[in-house]
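Raw contents of structure-v6.cif, mmCIF, C-alpha atoms (C1' of nucleotides):
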data_coords
#
loop_
_atom_site.label_atom_id
_atom_site.label_comp_id
_atom_site.auth_asym_id
_atom_site.auth_seq_id
_atom_site.Cartn_x
_atom_site.Cartn_y
_atom_site.Cartn_z
CA PRO A 1 0.80 21.46 -35.78
CA ALA A 2 -2.35 23.19 -34.60
CA VAL A 3 -4.47 20.55 -36.26
CA PHE A 4 -2.41 17.83 -34.68
CA ASP A 5 -2.85 19.52 -31.32
CA MET A 6 -6.59 19.43 -31.71
CA LEU A 7 -6.60 15.85 -32.83
CA ILE A 8 -4.65 14.63 -29.84
CA LYS A 9 -6.76 16.67 -27.48
CA VAL A 10 -10.03 15.32 -28.85
CA TYR A 11 -8.82 11.73 -28.84
CA ALA A 12 -7.43 11.98 -25.36
CA GLU A 13 -10.53 13.58 -23.91
CA ASP A 14 -12.87 11.04 -25.40
CA GLY A 15 -10.93 8.16 -24.00
CA MET A 16 -9.62 7.10 -27.37
CA VAL A 17 -6.18 7.06 -25.93
CA LYS A 18 -4.89 4.28 -28.09
CA GLU A 19 -5.77 6.28 -31.19
CA ALA A 20 -4.12 9.35 -29.75
CA PHE A 21 -1.03 7.33 -28.99
CA ASP A 22 -0.91 5.93 -32.51
CA ALA A 23 -1.36 9.36 -34.04
CA PHE A 24 1.48 10.62 -31.91
CA GLU A 25 3.75 7.80 -32.99
CA CYS A 26 2.82 8.35 -36.59
CA VAL A 27 3.58 12.04 -36.55
CA LEU A 28 6.91 11.43 -34.90
CA GLN A 29 7.88 8.96 -37.58
CA THR A 30 7.19 11.29 -40.45
CA GLY A 31 9.13 13.95 -38.62
CA PHE A 32 7.47 16.85 -40.45
CA ILE A 33 6.03 18.38 -37.35
CA THR A 34 7.12 18.37 -33.80
CA PRO A 35 4.21 18.09 -31.38
CA THR A 36 3.91 20.99 -28.98
CA ILE A 37 4.30 20.51 -25.28
CA HIS A 38 0.57 21.13 -25.05
CA SER A 39 -0.40 18.17 -27.15
CA CYS A 40 2.17 15.98 -25.47
CA ASN A 41 0.68 16.84 -22.12
CA SER A 42 -2.87 16.23 -23.30
CA LEU A 43 -1.76 12.86 -24.51
CA LEU A 44 0.00 12.05 -21.25
CA ASN A 45 -3.06 13.13 -19.34
CA GLY A 46 -5.34 10.95 -21.42
CA LEU A 47 -3.08 7.92 -21.18
CA LEU A 48 -2.66 8.23 -17.45
CA LYS A 49 -6.36 8.72 -16.82
CA TYR A 50 -6.88 5.33 -18.38
CA GLY A 51 -4.05 3.74 -16.49
CA GLN A 52 -1.74 3.44 -19.49
CA LEU A 53 1.39 4.19 -17.54
CA GLU A 54 3.69 2.27 -19.82
CA MET A 55 2.49 4.09 -22.91
CA ALA A 56 2.84 7.38 -21.07
CA TRP A 57 6.40 6.48 -20.20
CA HIS A 58 7.06 5.72 -23.83
CA VAL A 59 5.72 9.14 -24.80
CA TYR A 60 7.99 10.69 -22.21
CA GLU A 61 11.00 8.90 -23.66
CA GLN A 62 10.07 10.07 -27.14
CA MET A 63 9.78 13.62 -25.87
CA VAL A 64 13.24 13.43 -24.39
CA GLU A 65 14.60 11.95 -27.59
CA LYS A 66 13.03 14.57 -29.83
CA GLY A 67 14.10 17.37 -27.56
CA ILE A 68 10.61 18.40 -26.53
CA LYS A 69 11.16 19.97 -23.17
CA CYS A 70 8.89 18.59 -20.47
CA ASN A 71 7.38 21.08 -18.09
CA VAL A 72 6.15 20.73 -14.51
CA PHE A 73 2.84 19.41 -15.73
CA SER A 74 4.38 16.64 -17.79
CA TYR A 75 6.66 15.48 -15.01
CA THR A 76 4.02 15.72 -12.33
CA MET A 77 1.51 13.72 -14.30
CA ILE A 78 3.93 10.85 -14.82
CA ILE A 79 5.13 11.00 -11.24
CA SER A 80 1.54 10.79 -10.11
CA GLY A 81 1.08 7.80 -12.39
CA PHE A 82 3.94 5.96 -10.72
CA SER A 83 2.71 6.97 -7.27
CA LYS A 84 -0.74 5.62 -7.92
CA GLU A 85 0.79 2.23 -8.66
CA GLY A 86 3.01 2.44 -5.63
CA ARG A 87 6.15 2.52 -7.78
CA MET A 88 7.88 5.01 -5.55
CA GLN A 89 11.48 4.43 -6.63
CA GLU A 90 10.54 5.39 -10.16
CA ALA A 91 8.51 8.34 -8.98
CA ILE A 92 11.40 9.69 -6.93
CA LYS A 93 13.84 9.09 -9.75
CA LEU A 94 11.74 11.27 -11.98
CA VAL A 95 11.63 14.04 -9.39
CA LEU A 96 15.41 14.02 -9.33
CA GLU A 97 15.50 13.99 -13.09
CA MET A 98 13.22 16.98 -13.40
CA GLU A 99 15.36 18.91 -10.97
CA ARG A 100 18.41 17.99 -13.00
CA MET A 101 16.65 19.39 -16.06
CA GLY A 102 16.09 22.65 -14.26
CA CYS A 103 12.39 22.13 -13.78
CA ASN A 104 11.45 22.70 -10.18
CA PRO A 105 8.93 20.43 -8.53
CA ASN A 106 6.08 22.34 -6.94
CA VAL A 107 3.45 21.55 -4.31
CA VAL A 108 1.50 19.39 -6.68
CA THR A 109 4.57 17.32 -7.52
CA TYR A 110 5.32 16.70 -3.88
CA ASN A 111 1.67 16.00 -3.20
CA ALA A 112 1.75 13.33 -5.86
CA ILE A 113 4.67 11.70 -4.04
CA ILE A 114 2.90 11.95 -0.70
CA ASP A 115 -0.15 10.39 -2.29
CA GLY A 116 1.94 7.40 -3.30
CA TYR A 117 3.32 6.86 0.18
CA CYS A 118 -0.16 7.32 1.57
CA ARG A 119 -1.49 4.54 -0.63
CA ARG A 120 1.29 2.28 0.58
CA GLY A 121 0.59 3.24 4.16
CA GLU A 122 4.11 4.57 4.63
CA LEU A 123 3.45 7.37 7.06
CA GLU A 124 7.07 7.94 7.95
CA GLU A 125 7.90 8.65 4.36
CA MET A 126 4.95 10.97 4.08
CA SER A 127 6.19 13.19 6.86
CA ASN A 128 9.71 13.02 5.45
CA VAL A 129 8.46 14.46 2.20
CA LEU A 130 6.61 17.13 4.14
CA LYS A 131 9.80 18.04 5.94
CA MET A 132 11.62 18.26 2.66
CA MET A 133 8.94 20.56 1.33
CA LEU A 134 9.30 22.86 4.29
CA GLU A 135 13.08 22.90 3.88
CA LYS A 136 12.68 23.83 0.25
CA LYS A 137 10.19 26.50 1.23
CA ILE A 138 7.42 24.90 -0.73
CA GLY A 139 4.30 25.59 1.26
CA PRO A 140 2.11 22.55 1.78
CA ASN A 141 -1.48 23.15 0.87
CA VAL A 142 -4.87 21.81 1.90
CA ILE A 143 -4.34 18.69 -0.17
CA THR A 144 -0.99 17.94 1.44
CA PHE A 145 -2.52 18.00 4.88
CA SER A 146 -5.60 16.12 3.76
CA MET A 147 -3.41 13.26 2.68
CA LEU A 148 -1.67 13.21 6.04
CA ILE A 149 -5.07 13.03 7.66
CA LYS A 150 -5.99 10.20 5.35
CA GLY A 151 -2.86 8.33 6.36
CA TYR A 152 -3.55 8.64 10.06
CA CYS A 153 -7.20 7.74 9.61
CA ARG A 154 -6.24 4.59 7.77
CA GLU A 155 -4.26 3.36 10.71
CA SER A 156 -7.04 4.40 13.05
CA SER A 157 -5.04 7.17 14.70
CA LEU A 158 -7.91 9.58 14.81
CA GLU A 159 -6.32 11.76 17.45
CA ARG A 160 -3.29 12.34 15.30
CA ALA A 161 -5.53 12.96 12.32
CA GLU A 162 -7.41 15.61 14.22
CA SER A 163 -4.21 17.21 15.36
CA VAL A 164 -3.23 17.58 11.73
CA LEU A 165 -6.50 19.42 11.20
CA MET A 166 -5.54 21.77 14.01
CA GLU A 167 -2.11 22.25 12.59
CA MET A 168 -3.42 23.20 9.20
CA LYS A 169 -5.80 25.68 10.73
CA ALA A 170 -2.87 27.13 12.67
CA ARG A 171 -1.11 27.62 9.36
CA ASN A 172 -4.09 29.55 8.09
CA LEU A 173 -5.03 26.88 5.64
CA VAL A 174 -8.75 26.44 5.32
CA PRO A 175 -9.85 22.81 5.40
CA ASP A 176 -12.39 21.98 2.73
CA CYS A 177 -15.11 19.38 2.35
CA VAL A 178 -12.64 16.69 1.38
CA THR A 179 -10.54 17.30 4.48
CA TYR A 180 -13.57 17.01 6.69
CA GLY A 181 -14.83 14.08 4.68
CA LEU A 182 -11.65 12.16 5.42
CA LEU A 183 -12.00 12.69 9.14
CA ILE A 184 -15.68 11.84 9.11
CA ASP A 185 -14.96 8.64 7.25
CA GLY A 186 -12.09 7.89 9.60
CA TYR A 187 -14.36 8.10 12.60
CA CYS A 188 -17.03 6.06 10.85
CA LYS A 189 -14.55 3.32 10.05
CA VAL A 190 -13.65 2.91 13.71
CA GLY A 191 -17.31 2.96 14.63
CA GLU A 192 -17.26 6.32 16.40
CA ILE A 193 -20.27 7.73 14.70
CA GLU A 194 -20.85 10.44 17.31
CA SER A 195 -17.43 11.91 16.65
CA ALA A 196 -18.14 11.72 12.94
CA PHE A 197 -21.23 13.83 13.44
CA ARG A 198 -19.25 16.20 15.64
CA ILE A 199 -16.79 16.79 12.81
CA LYS A 200 -19.69 17.34 10.45
CA GLU A 201 -21.03 20.05 12.78
CA ASP A 202 -17.58 21.63 12.81
CA MET A 203 -17.56 21.68 9.08
CA VAL A 204 -20.94 23.33 8.80
CA LYS A 205 -19.98 25.87 11.46
CA GLY A 206 -16.88 26.60 9.44
CA GLY A 207 -19.19 27.78 6.67
CA LEU A 208 -18.99 24.75 4.43
CA LYS A 209 -22.11 23.22 3.00
CA MET A 210 -23.10 19.59 3.26
CA ASN A 211 -22.62 17.58 0.12
CA VAL A 212 -23.62 14.15 -1.11
CA VAL A 213 -20.32 12.49 -0.32
CA ILE A 214 -20.37 13.64 3.30
CA CYS A 215 -23.93 12.38 3.67
CA ASN A 216 -23.04 9.06 2.11
CA THR A 217 -20.09 8.70 4.43
CA LEU A 218 -22.33 9.20 7.45
CA ILE A 219 -24.96 6.89 6.00
CA ASN A 220 -22.33 4.22 5.62
CA GLY A 221 -21.12 4.82 9.17
CA LEU A 222 -24.60 4.25 10.51
CA CYS A 223 -25.13 1.22 8.31
CA LYS A 224 -21.96 -0.47 9.45
CA LEU A 225 -23.27 -0.18 13.01
CA ALA A 226 -26.46 -1.79 11.75
CA ARG A 227 -28.37 1.43 12.44
CA VAL A 228 -30.07 1.25 9.06
CA GLU A 229 -33.26 3.04 10.05
CA GLU A 230 -31.32 6.13 11.08
CA ALA A 231 -29.34 5.87 7.88
CA GLU A 232 -32.51 5.78 5.87
CA GLN A 233 -33.78 8.80 7.73
CA LEU A 234 -30.62 10.58 6.73
CA VAL A 235 -31.37 9.82 3.10
CA LEU A 236 -34.73 11.53 3.59
CA ASP A 237 -33.06 14.46 5.34
CA MET A 238 -30.81 15.00 2.36
CA ARG A 239 -33.69 16.62 0.52
CA ASP A 240 -33.90 19.28 3.20
CA TRP A 241 -30.29 20.12 2.55
CA GLY A 242 -31.11 20.45 -1.10
CA LEU A 243 -29.17 17.30 -1.87
CA VAL A 244 -30.19 14.45 -4.13
CA PRO A 245 -29.39 10.93 -2.94
CA ASP A 246 -27.34 9.05 -5.53
CA LYS A 247 -26.39 5.47 -6.38
CA VAL A 248 -24.03 5.33 -3.44
CA SER A 249 -26.64 6.49 -0.95
CA TYR A 250 -29.15 3.87 -1.99
CA SER A 251 -26.68 1.06 -2.54
CA THR A 252 -25.26 1.58 0.92
CA ILE A 253 -28.68 1.23 2.51
CA LEU A 254 -29.56 -1.71 0.32
CA ASP A 255 -26.36 -3.47 1.29
CA ALA A 256 -27.06 -2.89 4.96
CA TYR A 257 -30.45 -4.57 4.72
CA CYS A 258 -28.94 -7.47 2.82
CA ARG A 259 -26.32 -7.89 5.55
CA LYS A 260 -29.09 -8.17 8.07
CA GLY A 261 -30.42 -10.98 5.95
CA ASP A 262 -33.44 -8.89 5.05
CA ILE A 263 -33.38 -9.15 1.31
CA LEU A 264 -36.99 -8.04 1.06
CA GLU A 265 -36.05 -4.68 2.52
CA GLY A 266 -33.17 -4.68 0.08
CA PHE A 267 -35.59 -5.02 -2.79
CA ARG A 268 -37.72 -2.26 -1.34
CA VAL A 269 -34.70 0.05 -1.54
CA PHE A 270 -34.00 -1.23 -5.02
CA ASP A 271 -37.48 -0.16 -6.09
CA LEU A 272 -37.21 3.07 -4.19
CA MET A 273 -34.14 4.07 -6.07
CA GLU A 274 -35.70 3.31 -9.42
CA GLN A 275 -38.75 5.35 -8.42
CA ASN A 276 -36.45 8.25 -7.72
CA GLY A 277 -34.83 7.94 -11.07
CA VAL A 278 -31.56 6.55 -9.80
CA LYS A 279 -30.33 3.62 -11.84
CA PRO A 280 -28.74 0.69 -10.01
CA ASN A 281 -25.17 -0.09 -10.95
CA VAL A 282 -22.84 -3.08 -10.59
CA VAL A 283 -22.32 -2.39 -6.91
CA THR A 284 -26.06 -2.41 -6.28
CA TYR A 285 -26.35 -5.78 -7.97
CA ASN A 286 -23.29 -7.11 -6.22
CA SER A 287 -24.79 -6.26 -2.85
CA LEU A 288 -27.94 -8.18 -3.67
CA ILE A 289 -25.98 -11.14 -4.97
CA SER A 290 -23.82 -11.07 -1.88
CA GLY A 291 -26.95 -11.03 0.26
CA PHE A 292 -28.23 -14.17 -1.43
CA CYS A 293 -24.84 -15.84 -1.10
CA ARG A 294 -24.76 -15.21 2.63
CA LEU A 295 -28.13 -16.93 2.88
CA GLU A 296 -26.73 -19.72 0.73
CA LYS A 297 -29.39 -19.09 -1.88
CA MET A 298 -27.14 -19.60 -4.82
CA GLU A 299 -29.88 -20.13 -7.39
CA GLU A 300 -31.25 -16.71 -6.55
CA ALA A 301 -27.79 -15.20 -6.67
CA ASN A 302 -27.28 -16.67 -10.11
CA LYS A 303 -30.60 -15.35 -11.24
CA PHE A 304 -29.29 -11.87 -10.63
CA LEU A 305 -26.14 -12.56 -12.53
CA LYS A 306 -28.38 -13.40 -15.46
CA LYS A 307 -30.51 -10.35 -14.85
CA MET A 308 -27.41 -8.20 -15.02
CA ALA A 309 -26.70 -9.53 -18.46
CA GLU A 310 -30.30 -8.86 -19.49
CA VAL A 311 -30.12 -5.21 -18.55
CA GLY A 312 -26.77 -4.92 -20.24
CA MET A 313 -24.64 -4.66 -17.18
CA THR A 314 -21.21 -6.26 -17.09
CA PRO A 315 -20.30 -8.17 -13.97
CA ASN A 316 -16.94 -7.23 -12.52
CA GLU A 317 -14.28 -8.98 -10.41
CA VAL A 318 -16.34 -8.34 -7.30
CA THR A 319 -19.34 -10.10 -8.79
CA TYR A 320 -17.26 -13.16 -9.57
CA SER A 321 -15.49 -13.32 -6.22
CA THR A 322 -18.80 -12.98 -4.46
CA LEU A 323 -20.31 -15.89 -6.32
CA MET A 324 -17.20 -18.00 -6.09
CA ASP A 325 -17.07 -17.49 -2.37
CA GLY A 326 -20.73 -18.36 -2.11
CA TYR A 327 -20.13 -21.70 -3.82
CA ILE A 328 -17.02 -22.36 -1.75
CA LYS A 329 -19.01 -21.92 1.43
CA ILE A 330 -21.51 -24.57 0.38
CA GLY A 331 -18.82 -26.84 -1.06
CA LYS A 332 -19.81 -26.72 -4.72
CA THR A 333 -16.36 -26.87 -6.24
CA ASP A 334 -17.37 -27.43 -9.82
CA GLU A 335 -19.31 -24.17 -9.84
CA VAL A 336 -16.32 -22.35 -8.41
CA LEU A 337 -14.14 -23.59 -11.22
CA LYS A 338 -16.74 -22.64 -13.79
CA LEU A 339 -16.80 -19.11 -12.45
CA TRP A 340 -13.03 -18.95 -12.33
CA ASN A 341 -12.88 -19.85 -16.00
CA ALA A 342 -15.61 -17.36 -16.82
CA LEU A 343 -13.62 -14.74 -14.96
CA LEU A 344 -10.49 -15.55 -16.93
CA ARG A 345 -12.49 -15.44 -20.13
CA ASP A 346 -14.39 -12.21 -19.53
CA SER A 347 -12.11 -10.16 -17.47
CA PHE A 348 -8.63 -8.93 -18.03
CA VAL A 349 -6.70 -10.22 -15.05
CA PRO A 350 -8.03 -11.57 -11.75
CA ASN A 351 -7.14 -9.23 -8.93
CA GLN A 352 -5.64 -9.98 -5.55
CA ILE A 353 -8.98 -10.75 -3.97
CA SER A 354 -10.06 -13.03 -6.81
CA TYR A 355 -6.87 -15.01 -6.30
CA ASN A 356 -7.31 -15.11 -2.55
CA THR A 357 -10.85 -16.35 -2.97
CA MET A 358 -9.76 -19.10 -5.32
CA ILE A 359 -6.87 -20.10 -3.09
CA ASN A 360 -9.24 -20.23 -0.14
CA GLY A 361 -11.56 -22.51 -2.06
CA LEU A 362 -8.76 -24.95 -2.79
CA CYS A 363 -7.42 -24.78 0.76
CA LYS A 364 -10.79 -25.62 2.20
CA LEU A 365 -10.77 -28.73 0.03
CA GLY A 366 -7.30 -29.62 1.23
CA LYS A 367 -5.97 -29.29 -2.31
CA MET A 368 -2.81 -27.54 -1.27
CA ASP A 369 -0.85 -28.34 -4.41
CA GLU A 370 -3.44 -26.69 -6.57
CA ALA A 371 -3.64 -23.77 -4.18
CA ASN A 372 0.11 -23.32 -4.60
CA GLU A 373 -0.24 -23.41 -8.35
CA ILE A 374 -2.66 -20.52 -8.17
CA LEU A 375 -0.31 -18.73 -5.83
CA LEU A 376 2.48 -19.05 -8.38
CA GLU A 377 0.23 -17.81 -11.12
CA MET A 378 -0.78 -14.91 -8.92
CA VAL A 379 2.81 -13.83 -8.45
CA GLU A 380 3.59 -14.34 -12.12
CA ARG A 381 0.75 -12.08 -13.11
CA GLY A 382 1.88 -9.35 -10.82
CA SER A 383 -0.55 -9.69 -7.93
CA ILE A 384 1.17 -9.47 -4.59
CA PRO A 385 0.19 -12.06 -1.97
CA ASP A 386 -0.92 -10.25 1.16
CA SER A 387 -1.44 -11.25 4.75
CA ILE A 388 -4.81 -12.74 3.84
CA THR A 389 -3.20 -14.96 1.20
CA TYR A 390 -0.74 -16.25 3.77
CA THR A 391 -3.29 -16.70 6.52
CA THR A 392 -5.44 -18.67 4.11
CA LEU A 393 -2.60 -20.97 3.12
CA ILE A 394 -1.39 -21.41 6.68
CA ASP A 395 -4.89 -22.35 7.72
CA GLY A 396 -5.04 -24.77 4.80
CA TYR A 397 -1.87 -26.56 5.88
CA CYS A 398 -3.07 -26.69 9.46
CA ARG A 399 -6.29 -28.32 8.31
CA ILE A 400 -4.43 -31.16 6.63
CA GLY A 401 -2.10 -31.46 9.59
CA ASN A 402 1.01 -30.18 7.84
CA ILE A 403 2.18 -27.95 10.66
CA GLU A 404 5.69 -27.83 9.26
CA GLN A 405 4.59 -26.11 6.05
CA ALA A 406 2.35 -23.83 8.04
CA PHE A 407 5.29 -22.57 10.08
CA LYS A 408 7.41 -22.22 7.00
CA LEU A 409 4.80 -19.95 5.45
CA GLN A 410 4.43 -18.05 8.65
CA ASN A 411 8.14 -17.26 8.54
CA GLU A 412 7.98 -16.32 4.91
CA MET A 413 5.12 -14.01 5.66
CA VAL A 414 7.06 -12.23 8.38
CA ARG A 415 10.08 -12.03 6.12
CA LYS A 416 7.97 -10.25 3.55
CA GLY A 417 6.94 -7.71 6.13
CA PHE A 418 3.44 -8.88 6.98
CA PHE A 419 2.62 -9.14 10.62
CA PRO A 420 1.08 -12.36 11.80
CA ARG A 421 -2.30 -11.72 13.32
"C1'" U B 1 -4.01 45.01 -15.94
"C1'" U B 2 -2.25 38.89 -18.08
"C1'" G B 3 -0.39 33.38 -15.91
"C1'" A B 4 -3.28 27.00 -18.70
"C1'" U B 5 -11.74 23.72 -18.98
"C1'" C B 6 -3.15 19.46 -19.43
"C1'" A B 7 -1.01 17.80 -12.79
"C1'" C B 8 -2.39 16.19 -6.42
"C1'" G B 9 -6.78 14.45 -1.74
"C1'" A B 10 -12.92 12.15 0.53
"C1'" U B 11 -18.17 8.02 0.30
"C1'" A B 12 -21.15 2.09 -1.22
"C1'" C B 13 -20.19 -4.21 -2.91
"C1'" A B 14 -16.28 -9.50 -2.85
"C1'" U B 15 -11.41 -12.89 -0.08
"C1'" C B 16 -8.42 -15.40 5.54
"C1'" A B 17 -7.90 -16.29 10.84
"C1'" U B 18 -9.98 -15.23 16.18
"C1'" C B 19 -14.82 -14.95 18.68
#

Take the structure in the file and give it back as structure tokens.
Amino acid sequence: PAVFDMLIKVYAEDGMVKEAFDAFECVLQTGFITPTIHSCNSLLNGLLKYGQLEMAWHVYEQMVEKGIKCNVFSYTMIISGFSKEGRMQEAIKLVLEMERMGCNPNVVTYNAIIDGYCRRGELEEMSNVLKMMLEKKIGPNVITFSMLIKGYCRESSLERAESVLMEMKARNLVPDCVTYGLLIDGYCKVGEIESAFRIKEDMVKGGLKMNVVICNTLINGLCKLARVEEAEQLVLDMRDWGLVPDKVSYSTILDAYCRKGDILEGFRVFDLMEQNGVKPNVVTYNSLISGFCRLEKMEEANKFLKKMAEVGMTPNEVTYSTLMDGYIKIGKTDEVLKLWNALLRDSFVPNQISYNTMINGLCKLGKMDEANEILLEMVERGSIPDSITYTTLIDGYCRIGNIEQAFKLQNEMVRKGFFPR
RNA sequence: UUGAUCACGAUACAUCAUC
């Protein structure tokens, strides 16, 4: 059993989760040893880290069947797995189940639930869970409040977000870098960079040190206001704080220059990062490619796709959508289709944005039937059409003069809970 | 006097419409 424990742990930690899973299955079949709760939890942890929720669920069922008693850790991990995918009914069901089994959910368990509602933007539910925690005398912690702040920031209610900060201080909870980081990012996203810096000052006054993420957040805030020079100065200032700019810092600046249409400056940053020993990643390349696409320089964009392959970098869904969109904008349909097929070949499943991009391409050509085919495929493969999908299709029908269909979709969109914009 | 390098939160790139 000890050996088995080790085996599972090693597999799970090295990302060989499939192997760990198989070993687990195998041991269960022979029935000679019963895995300890420790190895089960390591396995669950490994599986969930790699997004293998279904396998994790299977392990859970096996545990129940073999009478291995789950503990708080086991339940919380799986609950968190469901939450991350927005499968809240299942998450809640498991909370009830664990209570039924005499295992009490703790702060972390409830935080995992709150995290799920936060991802779905369901603020009401978030505060309901908080209320429930208070009733059950489970003290919320810094993370609980941070997630509330995140929720308010996402809907641009910065005042409410800041009042949560006050409330947590009133409860003698000490906000940490992440808490401040959320608020700083929140202010950056609404373009209130001065307030973002004000929060940063607060943080430093509170005795917390600056870190790379906070700097990057501010850099991004400046960049999105097209204040790239100040952003670049901030990268230089980082050294004085004893911080080392990373891929995110440089890529953010590079992207900002590309957005300005100044690809040369983008390349300068590209070189700068290499000089400083920071390797570009997919995002860095994607920003450059996107820059070329905006300038309709598709040959150049493609050159970088090739270059990625040369340096052994794998393009991702973003790379493909970027290029597809570039070709759509200049009306080169055949290239779009080629990329779509390459995407299907290379990648696992197109994501929501890949589908939206493709649908947009077809709509712009007035090929509404084909657009609908993709829509069907999208739903079949588990991607949920969002307000952008609908707006795209509605616009497509309007373009071909089919106002009737446009209204029909509009109604469907509202029925599904998306607000028309 | 002990309570788990197994659980929860922050930063960069792509898609629609309006202008």

Expected selection from the PyMOL selection byres ((chain A) within 6 of (chain B)), given as number ranges by chain | A: 41-42, 73, 76-77, 108, 111-112, 143, 146-147, 178, 181-182, 213, 216-217, 248, 251-252, 283, 286-287, 318, 321-322, 353, 356-357, 388, 391-392

Top pick for closest residue to Asp386 in chain A, considering A:Val129, A:Ile289, A:Met413, A:Ile330 and counting only C-alpha atoms |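 When distances to Asp386 in chain A are compared using only C-alpha atoms, the smallest one comes from A:Met413.
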
What is the distance, in Å and to one decimal place, between CA of Ala226 in chain A and CA of Arg259 in chain A?
->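 Computing it gives 8.7 Å between the two atoms.
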
Surrounding residues of Gln233 in chain A excluding itself and chain neighbours under 5 positions, 12 Å, all atoms listed in the file, as a list in words |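 Non-adjacent residues within range: Cys215, Leu218, Ile219, Leu222, Cys223, Arg227, Val228, Met238, Arg239, Asp240, Pro245, Ser249, Tyr250 and Ile253 of chain A.
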
Keeping C-alpha atoms for every residue in the selection just given, could you write it to a file as a PDB file, in the coordinates of the input?
ATOM      1  CA  CYS A 215     -23.930  12.380   3.670  1.00  0.00           C
ATOM      2  CA  LEU A 218     -22.330   9.200   7.450  1.00  0.00           C
ATOM      3  CA  ILE A 219     -24.960   6.890   6.000  1.00  0.00           C
ATOM      4  CA  LEU A 222     -24.600   4.250  10.510  1.00  0.00           C
ATOM      5  CA  CYS A 223     -25.130   1.220   8.310  1.00  0.00           C
ATOM      6  CA  ARG A 227     -28.370   1.430  12.440  1.00  0.00           C
ATOM      7  CA  VAL A 228     -30.070   1.250   9.060  1.00  0.00           C
ATOM      8  CA  MET A 238     -30.810  15.000   2.360  1.00  0.00           C
ATOM      9  CA  ARG A 239     -33.690  16.620   0.520  1.00  0.00           C
ATOM     10  CA  ASP A 240     -33.900  19.280   3.200  1.00  0.00           C
ATOM     11  CA  PRO A 245     -29.390  10.930  -2.940  1.00  0.00           C
ATOM     12  CA  SER A 249     -26.640   6.490  -0.950  1.00  0.00           C
ATOM     13  CA  TYR A 250     -29.150   3.870  -1.990  1.00  0.00           C
ATOM     14  CA  ILE A 253     -28.680   1.230   2.510  1.00  0.00           C
TER      15      ILE A 253
END

Kindly indicate which residue among A:Met63, A:Leu236, A:Val349, A:Met126 lies nearest to Gly382 in chain A, using only C-alpha atoms for the distances.
->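 Closest to Gly382 in chain A, using only C-alpha atoms: A:Val349.
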
Tell me, in Å to one decimal, how far CA of Ser127 in chain A is from CA of Glu155 in chain A.
->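 These atoms are spaced 14.9 Å apart.
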
Tell me, in Å to one decimal, how far CA of Tyr320 in chain A is from CA of Met368 in chain A.
->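 According to the coordinates, CA of Tyr320 in chain A and CA of Met368 in chain A are separated by 22.0 Å.
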
Around range 125-133 of chain A, fit a box with edges along x, y and z, padding it by 5 Å on each side, then list its centre and edge lengths in Å to one decimal as JSON.
{"center_x": 8.3, "center_y": 14.6, "center_z": 4.1, "size_x": 16.7, "size_y": 21.9, "size_z": 15.5}

Report as a PyMOL selection string the residues that result from applying the PyMOL selection byres ((chain A and resi 117-124) around 8) to the structure here.
-> chain A and resi 83-84+86+88+113-116+125-128+147-148+150-152+154

For Glu300 in chain A, list every protein, DNA or RNA residue within 12 Å, evaluated using all atoms listed in the file, and leave out those in the same chain fewer than 4 positions away; present the list as a list in words.
-> Ile263, Leu288, Ile289, Ser290, Gly291, Phe292, Cys293, Arg294, Leu295, Glu296, Phe304, Leu305, Lys306, Lys307, Leu323 and Gly326 of chain A

Lys416 in chain A: which residues within 12 Å, counting only C-alpha atoms (C1' of nucleotides), same-chain residues fewer than 6 positions away excluded, as a count of residues only?
-> 7

Residue IDs satisfying the PyMOL selection byres ((chain A and resi 337-346) around 8), as a ChimeraX atom specification | /A:317,320,323-324,333-336,347-350,358

Place N, CA and C atoms on range 103-110 of chain A and deliver the coordinates as a tab-separated table (two decimals), keeping the file's coordinate frame.
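What landed in selection-v1.tsv:
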chain	number	residue	atom	x	y	z
A	103	CYS	N	13.83	21.91	-13.93
A	103	CYS	CA	12.39	22.13	-13.78
A	103	CYS	C	12.06	21.87	-12.31
A	104	ASN	N	11.65	22.87	-11.61
A	104	ASN	CA	11.45	22.70	-10.18
A	104	ASN	C	10.12	22.07	-9.81
A	105	PRO	N	10.18	21.04	-9.02
A	105	PRO	CA	8.93	20.43	-8.53
A	105	PRO	C	8.17	21.45	-7.69
A	106	ASN	N	6.88	21.42	-7.76
A	106	ASN	CA	6.08	22.34	-6.94
A	106	ASN	C	5.22	21.55	-5.94
A	107	VAL	N	4.30	22.23	-5.31
A	107	VAL	CA	3.45	21.55	-4.31
A	107	VAL	C	2.78	20.34	-4.89
A	108	VAL	N	2.25	20.48	-6.09
A	108	VAL	CA	1.50	19.39	-6.68
A	108	VAL	C	2.39	18.17	-6.89
A	109	THR	N	3.61	18.42	-7.32
A	109	THR	CA	4.57	17.32	-7.52
A	109	THR	C	4.79	16.58	-6.21
A	110	TYR	N	5.09	17.34	-5.17
A	110	TYR	CA	5.32	16.70	-3.88
A	110	TYR	C	4.05	16.02	-3.36
